[in-house]
>>> print(open('input_37.cif').read())   # mmCIF, C-alpha atoms and all ligand atoms
data_entry
loop_
_atom_site.label_atom_id
_atom_site.label_comp_id
_atom_site.auth_asym_id
_atom_site.auth_seq_id
_atom_site.Cartn_x
_atom_site.Cartn_y
_atom_site.Cartn_z
CA MET A 1 -34.31 -0.76 23.30
CA GLY A 2 -36.86 -2.84 25.18
CA VAL A 3 -36.37 -6.19 23.42
CA SER A 4 -35.62 -8.94 25.91
CA GLU A 5 -34.93 -11.84 23.54
CA THR A 6 -33.55 -11.98 20.02
CA ASN A 7 -32.78 -14.84 17.68
CA ARG A 8 -30.54 -14.89 14.64
CA VAL A 9 -32.32 -15.32 11.33
CA GLU A 10 -30.85 -15.37 7.81
CA GLY A 11 -29.28 -11.92 7.31
CA GLY A 12 -30.71 -10.38 10.48
CA VAL A 13 -32.11 -10.66 13.96
CA GLY A 14 -35.68 -11.66 14.91
CA PHE A 15 -37.63 -10.57 17.99
CA HIS A 16 -41.15 -10.24 19.38
CA ALA A 17 -42.06 -6.77 20.60
CA PRO A 18 -45.02 -4.42 20.91
CA TRP A 19 -45.67 -1.95 18.08
CA THR A 20 -44.21 0.96 20.04
CA ILE A 21 -40.84 -0.82 20.24
CA MET A 22 -40.85 -1.08 16.44
CA TYR A 23 -41.25 2.74 16.38
CA ARG A 24 -38.39 3.16 18.84
CA ILE A 25 -36.00 0.87 16.98
CA ASN A 26 -36.70 2.54 13.63
CA LEU A 27 -36.07 5.92 15.23
CA HIS A 28 -33.06 5.08 17.41
CA SER A 29 -31.10 2.26 15.77
CA ARG A 30 -27.77 3.48 14.44
CA LEU A 31 -26.78 0.06 13.04
CA ALA A 32 -29.90 -1.62 11.58
CA SER A 33 -30.67 -1.45 7.86
CA ARG A 34 -34.43 -1.96 8.08
CA ILE A 35 -37.12 -3.33 10.38
CA LEU A 36 -39.48 -5.85 8.80
CA TRP A 37 -42.83 -6.81 10.33
CA LYS A 38 -43.43 -10.56 9.91
CA VAL A 39 -47.03 -11.00 8.71
CA GLY A 40 -47.04 -14.56 7.36
CA TYR A 41 -45.27 -17.88 7.32
CA ALA A 42 -46.08 -21.07 5.39
CA SER A 43 -44.43 -24.11 3.93
CA TYR A 44 -44.46 -24.50 0.15
CA ARG A 45 -43.59 -26.85 -2.66
CA THR A 46 -44.86 -25.00 -5.70
CA GLU A 47 -45.52 -21.41 -6.82
CA HIS A 48 -49.22 -22.08 -6.24
CA ASP A 49 -48.55 -22.73 -2.50
CA ILE A 50 -46.83 -19.35 -2.40
CA TYR A 51 -49.80 -17.67 -4.08
CA ARG A 52 -52.15 -19.26 -1.52
CA ALA A 53 -49.94 -18.19 1.43
CA ALA A 54 -49.89 -14.58 0.19
CA TYR A 55 -53.60 -14.55 -0.69
CA GLY A 56 -54.48 -15.79 2.82
CA LEU A 57 -53.12 -12.66 4.53
CA SER A 58 -55.28 -9.64 5.45
CA TRP A 59 -53.46 -7.06 3.32
CA PRO A 60 -56.57 -4.79 3.09
CA ASP A 61 -56.40 -4.34 6.89
CA TRP A 62 -52.87 -2.96 6.58
CA PHE A 63 -52.94 -0.65 3.56
CA THR A 64 -55.31 0.68 0.91
CA PRO A 65 -55.64 -0.03 -2.83
CA ALA A 66 -54.82 3.63 -3.52
CA GLN A 67 -51.26 2.96 -2.33
CA THR A 68 -48.50 1.64 -4.58
CA ILE A 69 -46.61 -1.54 -3.78
CA LYS A 70 -43.34 -3.27 -4.49
CA VAL A 71 -42.60 -6.93 -3.80
CA LYS A 72 -39.00 -7.96 -3.09
CA VAL A 73 -38.09 -11.63 -2.90
CA SER A 74 -34.87 -13.09 -1.59
CA ALA A 75 -34.04 -16.74 -1.19
CA HIS A 76 -31.54 -19.21 0.17
CA ARG A 77 -31.52 -22.72 -1.34
CA CYS A 78 -34.95 -22.22 -2.89
CA PRO A 79 -35.65 -25.09 -5.31
CA LEU A 80 -38.00 -23.07 -7.55
CA SER A 81 -36.65 -22.10 -10.94
CA SER A 82 -37.53 -18.40 -11.13
CA LEU A 83 -37.61 -15.84 -8.31
CA ASP A 84 -39.09 -13.34 -10.78
CA PHE A 85 -42.06 -15.66 -11.22
CA VAL A 86 -42.39 -16.02 -7.42
CA THR A 87 -42.41 -12.20 -7.16
CA LEU A 88 -45.15 -12.02 -9.78
CA ARG A 89 -47.29 -14.65 -8.00
CA ILE A 90 -47.04 -12.79 -4.67
CA LYS A 91 -47.99 -9.52 -6.37
CA ASP A 92 -50.95 -11.26 -8.09
CA ALA A 93 -52.12 -12.78 -4.79
CA VAL A 94 -52.03 -9.40 -3.01
CA CYS A 95 -53.86 -7.64 -5.86
CA ASP A 96 -56.47 -10.43 -6.19
CA LYS A 97 -57.12 -10.22 -2.45
CA PHE A 98 -57.74 -6.48 -2.75
CA VAL A 99 -60.10 -6.97 -5.71
CA ALA A 100 -62.05 -9.60 -3.74
CA VAL A 101 -62.33 -7.46 -0.59
CA ARG A 102 -62.29 -3.84 -1.81
CA GLY A 103 -63.16 -4.18 -5.51
CA ARG A 104 -59.93 -2.33 -6.44
CA ARG A 105 -56.26 -3.28 -6.57
CA PRO A 106 -53.09 -1.38 -5.75
CA THR A 107 -50.64 -0.60 -8.54
CA VAL A 108 -46.97 -1.48 -8.64
CA ASN A 109 -44.23 1.14 -8.34
CA THR A 110 -40.79 -0.42 -8.18
CA HIS A 111 -39.02 2.94 -7.85
CA MET A 112 -40.79 4.77 -4.98
CA PRO A 113 -43.48 2.47 -3.59
CA ASP A 114 -45.69 3.48 -0.67
CA ILE A 115 -45.65 -0.05 0.68
CA ARG A 116 -42.81 -2.57 0.43
CA LEU A 117 -43.53 -6.27 0.83
CA ASP A 118 -40.62 -8.58 1.47
CA ALA A 119 -40.62 -12.34 1.07
CA PHE A 120 -37.89 -14.70 2.12
CA LEU A 121 -37.81 -18.29 0.87
CA ASP A 122 -35.69 -21.11 2.19
CA GLU A 123 -35.76 -24.73 0.98
CA GLU A 124 -39.33 -25.34 2.14
CA SER A 125 -40.89 -22.30 3.76
CA ILE A 126 -41.80 -18.74 2.91
CA THR A 127 -41.92 -15.81 5.33
CA LEU A 128 -43.78 -12.65 4.33
CA TYR A 129 -43.02 -9.24 5.77
CA LEU A 130 -44.21 -5.66 5.55
CA ASP A 131 -41.27 -3.27 5.60
CA THR A 132 -41.83 -0.72 8.39
CA SER A 133 -38.76 1.39 7.52
CA GLY A 134 -39.18 2.20 3.82
CA GLU A 135 -35.91 3.69 2.67
CA GLY A 136 -32.92 1.98 4.31
CA LEU A 137 -32.35 3.20 7.86
CA PHE A 138 -28.83 4.32 6.96
CA LYS A 139 -30.57 7.25 5.25
CA ARG A 140 -30.81 9.72 8.10
CA GLY A 141 -32.17 12.58 6.04
CA HIS A 142 -29.24 14.96 6.69
CA ARG A 143 -27.01 14.35 3.68
CA ALA A 144 -26.63 17.58 1.69
CA MET A 145 -25.19 15.98 -1.45
CA SER A 146 -22.91 13.11 -2.11
CA VAL A 147 -19.18 13.13 -2.78
CA ASP A 148 -17.06 10.27 -4.13
CA ALA A 149 -17.32 7.02 -2.18
CA PRO A 150 -19.18 8.01 0.99
CA ILE A 151 -19.71 5.17 3.43
CA ARG A 152 -23.17 4.33 4.73
CA GLU A 153 -24.19 5.97 7.98
CA ASN A 154 -24.80 2.65 9.74
CA LEU A 155 -21.33 1.45 8.72
CA ALA A 156 -19.83 4.68 10.14
CA ALA A 157 -21.73 4.14 13.42
CA GLY A 158 -20.51 0.53 13.49
CA LEU A 159 -16.88 1.61 12.92
CA LEU A 160 -17.07 3.99 15.89
CA GLN A 161 -18.45 1.17 18.02
CA LEU A 162 -15.72 -1.25 16.87
CA ALA A 163 -13.10 1.41 17.65
CA GLY A 164 -14.47 1.60 21.20
CA TRP A 165 -14.99 5.35 20.78
CA THR A 166 -17.07 7.00 23.49
CA PRO A 167 -18.24 10.64 23.58
CA GLN A 168 -15.53 11.30 26.20
CA ASP A 169 -12.78 10.54 23.62
CA THR A 170 -11.32 13.11 21.26
CA LEU A 171 -12.00 11.96 17.70
CA LEU A 172 -10.26 12.91 14.46
CA ASP A 173 -11.28 11.92 10.93
CA PRO A 174 -8.58 13.49 8.70
CA MET A 175 -10.13 12.15 5.43
CA CYS A 176 -13.72 12.95 6.27
CA GLY A 177 -15.13 13.33 2.73
CA SER A 178 -18.83 14.13 3.20
CA GLY A 179 -18.38 13.80 6.97
CA THR A 180 -20.25 10.54 7.63
CA ILE A 181 -18.04 9.36 10.52
CA PRO A 182 -17.86 12.67 12.46
CA LEU A 183 -21.59 13.20 11.89
CA GLU A 184 -22.46 9.81 13.42
CA ALA A 185 -20.15 10.56 16.35
CA ALA A 186 -21.78 13.94 17.02
CA LEU A 187 -25.33 12.54 16.74
CA PHE A 188 -24.40 9.77 19.18
CA ALA A 189 -22.71 12.13 21.64
CA ARG A 190 -25.68 14.53 21.58
CA HIS A 191 -28.17 11.63 21.97
CA ILE A 192 -29.84 12.76 18.77
CA ALA A 193 -31.97 9.91 17.42
CA PRO A 194 -30.69 9.11 13.91
CA GLY A 195 -34.21 8.89 12.42
CA LEU A 196 -35.61 12.20 13.70
CA SER A 197 -35.25 13.96 10.32
CA ARG A 198 -36.81 11.32 8.10
CA ARG A 199 -40.10 9.57 7.36
CA PHE A 200 -40.86 5.85 7.73
CA ALA A 201 -43.04 3.39 5.81
CA PHE A 202 -45.06 2.52 8.93
CA GLU A 203 -46.54 6.05 8.80
CA ARG A 204 -48.45 4.90 5.68
CA LEU A 205 -49.99 1.78 7.22
CA ILE A 206 -53.66 1.81 8.27
CA VAL A 207 -52.62 0.38 11.65
CA HIS A 208 -50.25 3.30 12.30
CA ASP A 209 -50.87 4.92 15.70
CA HIS A 210 -50.11 8.63 15.27
CA ALA A 211 -50.46 9.48 18.96
CA GLN A 212 -48.06 6.75 20.05
CA TRP A 213 -45.53 7.71 17.36
CA ASN A 214 -45.69 11.37 18.43
CA GLN A 215 -44.96 10.31 22.01
CA VAL A 216 -41.92 8.30 20.90
CA ARG A 217 -40.60 11.27 18.91
CA TYR A 218 -41.31 13.70 21.73
CA ALA A 219 -39.41 11.49 24.22
CA ALA A 220 -36.46 11.30 21.79
CA ARG A 221 -36.31 15.10 21.47
CA ALA A 222 -36.51 15.55 25.23
CA ALA A 223 -33.55 13.17 25.75
CA GLN A 224 -31.19 15.20 23.51
CA HIS A 225 -28.10 16.77 25.07
CA SER A 226 -27.25 20.34 24.18
CA ARG A 227 -23.50 19.79 23.87
CA ILE A 228 -20.96 17.00 23.57
CA PRO A 229 -18.41 16.23 26.29
CA SER A 230 -15.32 16.11 24.01
CA VAL A 231 -14.32 17.41 20.61
CA VAL A 232 -14.86 15.86 17.19
CA TYR A 233 -12.33 17.01 14.56
CA ALA A 234 -12.86 16.48 10.84
CA SER A 235 -10.81 17.52 7.84
CA ASP A 236 -10.21 16.73 4.18
CA HIS A 237 -7.91 18.24 1.55
CA ASP A 238 -10.79 18.64 -0.89
CA GLY A 239 -12.69 21.94 -0.62
CA ALA A 240 -15.81 20.52 -2.31
CA ALA A 241 -15.99 17.70 0.26
CA ILE A 242 -15.63 20.23 3.09
CA SER A 243 -18.58 22.29 1.75
CA VAL A 244 -20.76 19.16 1.54
CA ALA A 245 -19.76 18.08 5.06
CA GLN A 246 -20.45 21.56 6.42
CA ARG A 247 -23.95 21.64 4.92
CA THR A 248 -24.70 18.13 6.18
CA PHE A 249 -23.56 19.03 9.74
CA ARG A 250 -25.72 22.15 9.60
CA ASN A 251 -28.79 20.17 8.41
CA ALA A 252 -28.28 17.74 11.29
CA GLY A 253 -27.95 20.55 13.87
CA VAL A 254 -24.41 19.54 14.94
CA GLU A 255 -22.39 22.18 13.08
CA THR A 256 -20.97 23.63 16.30
CA ASP A 257 -20.02 20.21 17.70
CA ILE A 258 -17.56 19.37 14.91
CA ARG A 259 -14.36 21.34 14.19
CA LEU A 260 -14.17 21.10 10.45
CA ARG A 261 -11.31 22.42 8.32
CA GLN A 262 -9.76 21.96 4.93
CA SER A 263 -6.30 20.43 5.28
CA GLU A 264 -3.87 18.00 3.76
CA LEU A 265 -3.62 15.04 6.16
CA LEU A 266 0.18 15.23 6.41
CA ASP A 267 -0.04 18.87 7.60
CA LEU A 268 -2.21 18.07 10.63
CA ASP A 269 -0.89 17.86 14.20
CA ALA A 270 -2.56 15.85 16.94
CA PRO A 271 -5.21 18.10 18.51
CA ASP A 272 -4.94 16.37 21.90
CA LYS A 273 -2.53 14.20 23.92
CA GLN A 274 -4.69 11.12 23.36
CA GLY A 275 -7.58 10.28 21.12
CA ILE A 276 -8.95 8.12 18.37
CA LEU A 277 -8.36 8.50 14.66
CA VAL A 278 -10.86 6.86 12.32
CA ILE A 279 -9.64 7.00 8.73
CA ASN A 280 -11.35 5.87 5.54
CA PRO A 281 -8.68 6.54 2.88
CA PRO A 282 -9.29 6.33 -0.86
CA TYR A 283 -9.30 2.72 -1.96
CA GLY A 284 -7.49 2.35 -5.21
CA VAL A 285 -10.50 0.45 -6.57
CA ARG A 286 -12.75 3.48 -6.45
CA LEU A 287 -10.56 6.55 -6.06
CA ARG A 288 -6.79 7.02 -6.21
CA SER A 289 -4.67 4.62 -8.23
CA ARG A 290 -2.78 1.80 -6.51
CA ASP A 291 0.59 3.41 -7.36
CA GLN A 292 -0.38 6.70 -5.76
CA LEU A 293 -1.47 4.84 -2.63
CA GLU A 294 1.81 2.94 -2.55
CA ASP A 295 3.57 6.31 -2.38
CA PHE A 296 1.18 7.84 0.13
CA TYR A 297 0.76 5.09 2.73
CA PRO A 298 4.41 5.11 4.01
CA LYS A 299 4.09 8.88 4.51
CA MET A 300 0.86 8.35 6.43
CA GLY A 301 2.63 5.75 8.60
CA ASP A 302 5.44 8.20 9.45
CA TRP A 303 2.89 10.95 10.16
CA LEU A 304 1.10 8.67 12.65
CA LYS A 305 4.35 7.59 14.36
CA GLN A 306 5.75 11.11 14.59
CA ARG A 307 2.67 13.09 15.61
CA PHE A 308 0.12 10.75 17.19
CA MET A 309 1.98 8.96 19.96
CA GLY A 310 -0.56 7.79 22.56
CA TRP A 311 -3.46 7.68 20.06
CA ARG A 312 -5.27 4.71 18.59
CA ALA A 313 -5.72 4.77 14.82
CA TYR A 314 -8.41 2.80 12.98
CA ILE A 315 -8.21 2.49 9.23
CA LEU A 316 -10.91 1.05 6.94
CA THR A 317 -9.47 -0.15 3.67
CA ALA A 318 -9.85 -2.77 0.97
CA ASP A 319 -6.08 -2.66 0.42
CA LEU A 320 -4.53 -5.57 2.33
CA ARG A 321 -1.03 -4.15 1.73
CA LEU A 322 -1.81 -1.29 4.12
CA PRO A 323 -0.09 -2.53 7.35
CA LYS A 324 3.08 -3.30 5.43
CA LEU A 325 3.02 -0.01 3.55
CA ILE A 326 2.45 2.16 6.62
CA GLY A 327 5.06 0.18 8.60
CA LEU A 328 2.89 -0.45 11.66
CA ALA A 329 1.69 -3.74 13.07
CA PRO A 330 -2.09 -3.87 13.58
CA SER A 331 -3.25 -4.94 17.03
CA LYS A 332 -6.63 -5.98 15.60
CA ARG A 333 -8.19 -6.48 12.20
CA THR A 334 -11.92 -6.89 11.56
CA PRO A 335 -13.20 -8.09 8.17
CA LEU A 336 -16.09 -5.93 6.96
CA PHE A 337 -18.04 -5.17 3.81
CA ASN A 338 -18.38 -1.61 2.54
CA GLY A 339 -21.22 -2.24 0.08
CA SER A 340 -19.92 -5.16 -1.94
CA LEU A 341 -16.28 -4.27 -1.30
CA GLU A 342 -14.52 -6.58 1.15
CA CYS A 343 -12.46 -4.50 3.57
CA ARG A 344 -10.46 -4.72 6.75
CA PHE A 345 -10.83 -2.39 9.71
CA TYR A 346 -7.33 -2.24 11.22
CA GLU A 347 -6.48 -1.04 14.71
CA PHE A 348 -3.03 0.47 15.30
CA LYS A 349 -1.88 1.51 18.75
CA ILE A 350 0.63 4.29 18.25
CA VAL A 351 3.10 3.62 21.03
CA GLU A 352 6.67 4.58 21.72
CA GLY A 353 9.19 2.08 20.27
CA PRO A 354 11.97 1.78 17.76
CA MET A 355 10.54 2.47 14.29
CA ARG A 356 12.57 -0.29 12.71
CA LYS A 357 11.10 -2.85 15.12
CA GLN A 358 7.59 -1.58 14.32
CA ALA A 359 8.23 -1.82 10.59
CA ARG A 360 9.71 -5.32 10.91
CA LEU A 361 6.67 -6.43 12.91
CA ALA A 362 4.34 -4.90 10.31
CA ARG A 363 6.10 -6.77 7.49
CA ALA A 364 5.87 -10.02 9.45
CA THR A 365 2.16 -9.52 10.25
CA ALA A 366 1.37 -8.49 6.67
CA LYS A 367 2.46 -11.95 5.52
CA THR A 368 -0.18 -13.56 7.72
CA MET A 369 -3.10 -11.25 6.76
C1 LIG B 1 -13.05 7.26 0.76
S1 LIG B 1 -13.19 8.98 0.87
C2 LIG B 1 -13.85 9.23 2.51
C3 LIG B 1 -15.34 9.11 2.49
C4 LIG B 1 -15.98 9.49 3.82
N1 LIG B 1 -15.73 8.50 4.86
C5 LIG B 1 -17.48 9.69 3.60
O1 LIG B 1 -18.27 8.88 4.13
O2 LIG B 1 -17.85 10.60 2.86
C6 LIG B 1 -11.53 9.49 1.10
C7 LIG B 1 -11.35 10.97 1.31
O3 LIG B 1 -9.98 11.21 1.55
C8 LIG B 1 -9.66 12.49 1.05
N2 LIG B 1 -8.19 12.55 0.87
C9 LIG B 1 -7.43 11.83 0.00
N3 LIG B 1 -6.13 12.12 0.16
C10 LIG B 1 -6.06 13.03 1.16
C11 LIG B 1 -4.98 13.71 1.79
N4 LIG B 1 -3.73 13.50 1.41
N5 LIG B 1 -5.25 14.59 2.80
C12 LIG B 1 -6.54 14.81 3.19
N6 LIG B 1 -7.61 14.20 2.61
C13 LIG B 1 -7.37 13.32 1.62
C14 LIG B 1 -10.45 12.58 -0.23
O4 LIG B 1 -10.64 13.95 -0.61
C15 LIG B 1 -11.73 11.84 0.13
O5 LIG B 1 -12.72 12.76 0.52
#
>>> encode(input="input_37.cif", output="structure tokens")
Amino acid sequence: MGVSETNRVEGGVGFHAPWTIMYRINLHSRLASRILWKVGYASYRTEHDIYRAAYGLSWPDWFTPAQTIKVKVSAHRCPLSSLDFVTLRIKDAVCDKFVAVRGRRPTVNTHMPDIRLDAFLDEESITLYLDTSGEGLFKRGHRAMSVDAPIRENLAAGLLQLAGWTPQDTLLDPMCGSGTIPLEAALFARHIAPGLSRRFAFERLIVHDHAQWNQVRYAARAAQHSRIPSVVYASDHDGAAISVAQRTFRNAGVETDIRLRQSELLDLDAPDKQGILVINPPYGVRLRSRDQLEDFYPKMGDWLKQRFMGWRAYILTADLRLPKLIGLAPSKRTPLFNGSLECRFYEFKIVEGPMRKQARLARATAKTM
């Protein structure tokens, strides 16, 4: 995306780039959660040092006192006793600076602020940021309504990447729920920038360059493809989920790229000789009970072995009994978090071979996972 060097920072990646690259990353990144603009850095020992660091920044050059603000503080090994008090001191410093320079102060709105300020404290230093994204970037602006347990859009995009899916591969999500995984696949295959249907916090900054932003958006629209090279299949047994998915696909302009139908998973046949299945079954923690899953998983394993020879199946689940219960040995497993829920993303290559050997292998591998 035009960034030549990056460095790992706590919980993210840091880079230097011109303003226009910040626009491009906000618009195009399928995986990032938010893009923060670093505006200050200082060492501290007390809350007063933090106040001084925040007061020293030129906030009135970046936004106006008519806008509402929210301060969010996170910390790692911070020796101070109260992060709430640190939050308050930063807010006071920003407001005092506005009163000194503009004679008026912004008000706080913790629910829907115009401007979000982020601060990160480690043992001895504080870094201050202005959030250029606003709402998390996983919010693409297409979702019609929610259903039970949807995954975040950036997790869905990440799963497709981990599965090695490319737009040339046939894709099937047979438990699509609100359609997050097929939607991300279709947007990717059509080169549709994930942020084209939403607004960003940088649009509210004084330093926002409308002309440059319009150019970035125009270039993104011009790069879109009119169709996808393969087929994305999506289904779910729940009619309500299918209606939500259908409306979401329509809002995103990819309705004709995804073959959506209502079906029980076990009734589906493979739509192609080869392809990739990405499945996000109910978890037991959130949806179906553990006993029901214990009954269902072996059937799902047989369904894969009997009907999807030559395919690769990827299953995201928090249930570590899954490989054993479906009777297949995973060729890869990637630990992941779905929100706060620790999961595994299993890869199964569905290849010809005696079922009993497969099941034995799965039982053996399950013991080590
Ligand atoms: C965890 S949710 C999937 C959420 C989805 N990835 C999303 O982001 O919205 C699991 C889905 O599996 C569906 N499901 C459960 N059992 C099924 C079955 N036997 N056949 C087809 N779909 C099933 C549920 O209706 C539910 O929508």
>>> atom_distance(input="input_37.cif", atom1="atom CA of A:His210", atom2="atom CA of A:Phe188")
26.0 Å
>>> closest_residue(input="input_37.cif", among="A:Arg102, A:Arg190, A:Arg198, A:Arg290", to="A:Thr166", atoms="all atoms listed in the file")
A:Arg190
>>> closest_residue(input="input_37.cif", among="A:Glu294, A:Glu255, A:Glu347, A:Glu153", to="ligand LIG 1 (chain B)", atoms="all atoms listed in the file")
A:Glu153
>>> axis_aligned_box(input="input_37.cif", around="stretch 171-180 of chain A", padding_each_side="6 Å", output="AutoDock Vina command-line options")
--center_x -14.4 --center_y 12.3 --center_z 10.2 --size_x 23.7 --size_y 15.6 --size_z 27.0
>>> residues_around(input="input_37.cif", residues="A:Val71", least_positions_apart="5", cutoff="9 Å", atoms="all atoms listed in the file", output="PDB file with C-alpha atoms, keeping the file's coordinate frame")
ATOM      1  CA  THR A  87     -42.410 -12.200  -7.160  1.00  0.00           C
ATOM      2  CA  LEU A  88     -45.150 -12.020  -9.780  1.00  0.00           C
ATOM      3  CA  ILE A  90     -47.040 -12.790  -4.670  1.00  0.00           C
ATOM      4  CA  LYS A  91     -47.990  -9.520  -6.370  1.00  0.00           C
ATOM      5  CA  VAL A 108     -46.970  -1.480  -8.640  1.00  0.00           C
ATOM      6  CA  THR A 110     -40.790  -0.420  -8.180  1.00  0.00           C
ATOM      7  CA  ILE A 115     -45.650  -0.050   0.680  1.00  0.00           C
ATOM      8  CA  ARG A 116     -42.810  -2.570   0.430  1.00  0.00           C
ATOM      9  CA  LEU A 117     -43.530  -6.270   0.830  1.00  0.00           C
ATOM     10  CA  ASP A 118     -40.620  -8.580   1.470  1.00  0.00           C
ATOM     11  CA  ALA A 119     -40.620 -12.340   1.070  1.00  0.00           C
TER      12      ALA A 119
END
>>> residues_around(input="input_37.cif", residues="A:Ala42", least_positions_apart="5", cutoff="7 Å", atoms="all atoms listed in the file", output="list in words")
Ala53, Ser125, Ile126 and Thr127 of chain A
>>> closest_residue(input="input_37.cif", among="A:Glu123, A:Cys95, A:Pro194, A:Ala241", to="A:Asp148", atoms="all atoms listed in the file")
A:Ala241
>>> residues_around(input="input_37.cif", residues="A:Val216", least_positions_apart="4", cutoff="8 Å", atoms="all atoms listed in the file", output="VMD selection string")
chain A and resid 20 23 to 24 212 220
>>> write_last_selection(input="input_37.cif", atoms="C-alpha atoms", output="PDB file, keeping the file's coordinate frame")
ATOM      1  CA  THR A  20     -44.210   0.960  20.040  1.00  0.00           C
ATOM      2  CA  TYR A  23     -41.250   2.740  16.380  1.00  0.00           C
ATOM      3  CA  ARG A  24     -38.390   3.160  18.840  1.00  0.00           C
ATOM      4  CA  GLN A 212     -48.060   6.750  20.050  1.00  0.00           C
ATOM      5  CA  ALA A 220     -36.460  11.300  21.790  1.00  0.00           C
TER       6      ALA A 220
END
>>> atom_distance(input="input_37.cif", atom1="atom CA of A:Thr334", atom2="atom CA of A:Gly164")
13.1 Å
>>> closest_residue(input="input_37.cif", among="A:Pro106, A:Gly141, A:Pro79, A:Gly179", to="ligand LIG 1 (chain B)", atoms="only C-alpha atoms and all ligand atoms")
A:Gly179
>>> atom_distance(input="input_37.cif", atom1="atom N3 of ligand LIG 1 (chain B)", atom2="atom CA of A:Pro335")
22.9 Å
>>> residues_around(input="input_37.cif", residues="A:Leu277", least_positions_apart="4", cutoff="7 Å", atoms="all atoms listed in the file", output="PyMOL selection string")
chain A and resi 171-173+312-314
>>> closest_residue(input="input_37.cif", among="A:Gly239, A:Gly195, A:Pro229, A:Gly14", to="ligand LIG 1 (chain B)", atoms="all atoms listed in the file")
A:Gly239
>>> closest_residue(input="input_37.cif", among="A:Ile350, A:Ile228, A:Val3, A:Leu268", to="A:Ile326", atoms="only C-alpha atoms")
A:Ile350
>>> decode(input="input_37.cif", residues="stretch 171-182 of chain A", atoms="N, CA, C and O atoms", output="CSV table (one decimal), in the first residue's frame")
chain,number,residue,atom,x,y,z
A,171,LEU,N,-15.3,-21.3,-3.8
A,171,LEU,CA,-15.4,-21.2,-2.3
A,171,LEU,C,-16.8,-21.6,-1.9
A,171,LEU,O,-17.8,-21.2,-2.6
A,172,LEU,N,-16.9,-22.3,-0.8
A,172,LEU,CA,-18.2,-22.7,-0.2
A,172,LEU,C,-18.2,-22.4,1.3
A,172,LEU,O,-17.3,-22.9,2.0
A,173,ASP,N,-19.1,-21.6,1.7
A,173,ASP,CA,-19.4,-21.4,3.2
A,173,ASP,C,-20.7,-22.0,3.4
A,173,ASP,O,-21.8,-21.3,3.2
A,174,PRO,N,-20.8,-23.2,4.0
A,174,PRO,CA,-22.1,-23.9,4.1
A,174,PRO,C,-22.8,-23.5,5.4
A,174,PRO,O,-23.9,-24.0,5.7
A,175,MET,N,-22.2,-22.7,6.3
A,175,MET,CA,-22.8,-22.2,7.5
A,175,MET,C,-22.6,-20.7,7.6
A,175,MET,O,-22.0,-20.2,8.5
A,176,CYS,N,-23.1,-20.0,6.5
A,176,CYS,CA,-22.7,-18.6,6.3
A,176,CYS,C,-23.3,-17.6,7.2
A,176,CYS,O,-22.8,-16.5,7.3
A,177,GLY,N,-24.4,-18.0,8.0
A,177,GLY,CA,-24.9,-17.0,8.9
A,177,GLY,C,-25.3,-15.7,8.1
A,177,GLY,O,-25.9,-15.7,7.1
A,178,SER,N,-24.7,-14.6,8.6
A,178,SER,CA,-25.0,-13.3,8.0
A,178,SER,C,-24.2,-13.1,6.7
A,178,SER,O,-24.3,-12.0,6.1
A,179,GLY,N,-23.3,-14.0,6.4
A,179,GLY,CA,-22.6,-14.0,5.1
A,179,GLY,C,-21.2,-13.3,5.1
A,179,GLY,O,-20.7,-12.9,4.1
A,180,THR,N,-20.7,-13.1,6.3
A,180,THR,CA,-19.4,-12.3,6.4
A,180,THR,C,-18.3,-12.9,5.6
A,180,THR,O,-17.6,-12.1,4.9
A,181,ILE,N,-18.1,-14.2,5.6
A,181,ILE,CA,-17.0,-14.8,4.8
A,181,ILE,C,-17.2,-14.7,3.3
A,181,ILE,O,-16.3,-14.2,2.6
A,182,PRO,N,-18.3,-15.1,2.8
A,182,PRO,CA,-18.5,-14.9,1.3
A,182,PRO,C,-18.5,-13.5,0.9
A,182,PRO,O,-18.0,-13.2,-0.2
